[in-house]
Amino acid sequence: METYAAVRSFTTEEKKNEAIEKKRVEFHEFGRNAVVIPRELMERKTWKGLSANAKEIYRVLATGYDYENGIAKLTHNEIQNESGIGSRATIVKALRELDEGTLIVIVAEGSSNHMVRHHYLMPQQERHYAGIIGIAPRDFSAVYQNASTSLKKAVRKHTRLPAEIHPLFFRVCQKLLKLRVDRPERHIGRYADKGEKLRAVMFMCDASYIVQKHKIKVNGKSIPNAIEFLLERLSEDDVREDIYGKVATDEIRDILRAYKEKSIKR
């Protein structure tokens, strides 16, 4: 009976994930042919009060916004060429205007030669995207370093972040949130660009849910709180699929296999 309940729970989750994936693909297909600026944003006083240059630069940033990694990585040269704004000073002024209006967040990314490039978080685009495909808005501020002018140059100079964030990172964050883990990026941020590690963590999340749900014993002993056990393993950088031991992991795989078979029949 418990197995059936878990299968039904996972089947519902799988259908939900399939619907989200379908909407995500449709959104990206649409985005290849059009620039998406939320109407809700354009109706706000903040937007209406922007200069024409700031609005045009927001459009350019929205055109280059990477919805997978949650960031727009455009250089000043690219912004200048796309917008037609001739003055670099005007571009910098408009970017600050957008930043002060909280329409973008300027972030810094270090490089091997200690040069800092500025990229841009776009919370309005993220909220719109999340609403369209049916997920919670992702908070990228914990992943990318804010490049506010209040930060010392020495701090900004040595900021280093992954050049690319693996798409699985955000799916794993969602799984941890469903397990009621607050600020999941704090636990898996070190694996943001490591696909193999993220796949292992994803299985660890599913395994911990099964252990908690079915009260599966590990080496003959019960795990009082499987979620805390999972977080302990992550804190110790112990990332592997068999954190509960071979026997328990085989039992977990059997339950997951039953879930998949049930899902296929439906």
# chains A, B, ... in the order shown; residues from 1 in each chain; ligands from 1

call {"tool": "select_by_dssp", "arguments": {"residues": "segment 29-221 of chain A", "states": "strand (DSSP E or B)", "output": "ChimeraX atom specification"}}
result
/A:65-66,71-72,105-110,116-121,145-146,218,221

call {"tool": "residues_around", "arguments": {"residues": "segment 94-104 of chain A", "least_positions_apart": "5", "cutoff": "7 Å", "atoms": "only C-alpha atoms", "output": "list of chain:residue names"}}
result
A:Thr46, A:Asn53, A:Ala54, A:Tyr120, A:Leu121, A:Met122, A:Pro123, A:Gln124

call {"tool": "closest_residue", "arguments": {"among": "A:Ile135, A:Leu41, A:Leu256, A:Leu74", "to": "Ala19 of chain A", "atoms": "only C-alpha atoms"}}
result
A:Ile135

call {"tool": "residues_around", "arguments": {"residues": "Ala226 of chain A", "least_positions_apart": "2", "cutoff": "7 Å", "atoms": "only C-alpha atoms", "output": "number ranges by chain"}}
result
A: 208, 211-212, 223-224, 228-230

call {"tool": "closest_residue", "arguments": {"among": "A:Asp254, A:Asp139, A:Glu164, A:Glu261", "to": "Asp182 of chain A", "atoms": "only C-alpha atoms"}}
result
A:Asp139

call {"tool": "residues_around", "arguments": {"residues": "Phe170 of chain A", "least_positions_apart": "2", "cutoff": "9 Å", "atoms": "only C-alpha atoms", "output": "PyMOL selection string"}}
result
chain A and resi 68-69+138+165-168+172-175+185+192

call {"tool": "write_last_selection", "arguments": {"atoms": "all heavy atoms", "output": "short mmCIF file (atom, residue, chain, number, x, y, z; two decimals), in the first residue's frame"}}
result
data_model
loop_
_atom_site.label_atom_id
_atom_site.label_comp_id
_atom_site.auth_asym_id
_atom_site.auth_seq_id
_atom_site.Cartn_x
_atom_site.Cartn_y
_atom_site.Cartn_z
N GLU A 68 18.06 29.76 -19.23
CA GLU A 68 18.57 28.56 -18.58
C GLU A 68 19.46 28.93 -17.40
O GLU A 68 19.36 28.36 -16.32
CB GLU A 68 19.35 27.69 -19.57
CG GLU A 68 18.49 27.05 -20.64
CD GLU A 68 17.58 25.96 -20.08
OE1 GLU A 68 17.77 25.56 -18.92
OE2 GLU A 68 16.67 25.55 -20.80
N ASN A 69 20.35 29.91 -17.62
CA ASN A 69 21.31 30.30 -16.60
C ASN A 69 20.91 31.55 -15.83
O ASN A 69 21.58 31.96 -14.89
CB ASN A 69 22.69 30.50 -17.21
CG ASN A 69 23.29 29.19 -17.70
OD1 ASN A 69 23.21 28.18 -17.00
ND2 ASN A 69 23.86 29.19 -18.88
N ARG A 138 13.23 31.69 -9.67
CA ARG A 138 14.53 31.30 -9.13
C ARG A 138 15.30 32.54 -8.68
O ARG A 138 15.30 33.55 -9.36
CB ARG A 138 15.32 30.53 -10.20
CG ARG A 138 14.61 29.28 -10.69
CD ARG A 138 15.20 28.77 -11.99
NE ARG A 138 15.05 29.73 -13.08
CZ ARG A 138 15.48 29.52 -14.31
NH1 ARG A 138 16.13 28.40 -14.61
NH2 ARG A 138 15.31 30.44 -15.24
N ILE A 165 26.28 27.85 -15.73
CA ILE A 165 25.60 27.07 -14.69
C ILE A 165 24.81 25.98 -15.39
O ILE A 165 24.03 26.24 -16.29
CB ILE A 165 24.68 27.96 -13.85
CG1 ILE A 165 25.51 28.97 -13.08
CG2 ILE A 165 23.84 27.13 -12.89
CD1 ILE A 165 24.70 29.94 -12.27
N HIS A 166 25.03 24.75 -14.98
CA HIS A 166 24.37 23.61 -15.61
C HIS A 166 22.85 23.69 -15.37
O HIS A 166 22.42 23.99 -14.26
CB HIS A 166 24.93 22.31 -15.03
CG HIS A 166 24.66 21.11 -15.88
ND1 HIS A 166 23.42 20.51 -15.94
CD2 HIS A 166 25.46 20.40 -16.72
CE1 HIS A 166 23.48 19.49 -16.76
NE2 HIS A 166 24.71 19.40 -17.25
N PRO A 167 22.03 23.45 -16.41
CA PRO A 167 20.57 23.52 -16.25
C PRO A 167 20.04 22.64 -15.12
O PRO A 167 19.02 22.96 -14.51
CB PRO A 167 20.05 23.03 -17.61
CG PRO A 167 21.14 23.36 -18.57
CD PRO A 167 22.43 23.18 -17.80
N LEU A 168 20.72 21.53 -14.83
CA LEU A 168 20.27 20.65 -13.75
C LEU A 168 20.33 21.33 -12.39
O LEU A 168 19.61 20.95 -11.46
CB LEU A 168 21.12 19.38 -13.70
CG LEU A 168 20.73 18.21 -14.60
CD1 LEU A 168 21.71 17.06 -14.40
CD2 LEU A 168 19.32 17.74 -14.29
N VAL A 172 17.61 20.67 -9.43
CA VAL A 172 17.97 20.12 -8.12
C VAL A 172 17.53 21.08 -7.01
O VAL A 172 17.05 20.65 -5.96
CB VAL A 172 19.49 19.84 -8.03
CG1 VAL A 172 19.86 19.35 -6.64
CG2 VAL A 172 19.90 18.80 -9.08
N CYS A 173 17.68 22.38 -7.26
CA CYS A 173 17.21 23.36 -6.28
C CYS A 173 15.71 23.19 -6.03
O CYS A 173 15.24 23.24 -4.89
CB CYS A 173 17.49 24.78 -6.77
SG CYS A 173 19.21 25.33 -6.54
N GLN A 174 14.95 22.96 -7.10
CA GLN A 174 13.51 22.75 -6.97
C GLN A 174 13.22 21.50 -6.14
O GLN A 174 12.31 21.49 -5.30
CB GLN A 174 12.85 22.64 -8.35
CG GLN A 174 12.81 23.93 -9.13
CD GLN A 174 11.90 24.97 -8.50
OE1 GLN A 174 10.84 24.64 -7.98
NE2 GLN A 174 12.30 26.23 -8.53
N LYS A 175 13.97 20.44 -6.37
CA LYS A 175 13.77 19.21 -5.61
C LYS A 175 14.03 19.45 -4.12
O LYS A 175 13.28 18.99 -3.26
CB LYS A 175 14.69 18.09 -6.12
CG LYS A 175 14.13 17.34 -7.33
CD LYS A 175 14.97 16.12 -7.61
CE LYS A 175 14.34 15.33 -8.77
NZ LYS A 175 13.11 14.64 -8.35
N GLU A 185 20.55 26.64 -2.74
CA GLU A 185 21.79 26.98 -3.44
C GLU A 185 22.99 26.99 -2.50
O GLU A 185 24.13 26.80 -2.92
CB GLU A 185 21.66 28.33 -4.15
CG GLU A 185 21.57 29.55 -3.25
CD GLU A 185 20.18 29.78 -2.68
OE1 GLU A 185 19.25 29.06 -3.07
OE2 GLU A 185 20.04 30.69 -1.84
N ALA A 192 27.44 23.90 -9.13
CA ALA A 192 26.59 24.61 -10.09
C ALA A 192 26.92 24.29 -11.54
O ALA A 192 26.04 24.31 -12.40
CB ALA A 192 26.67 26.11 -9.85
#
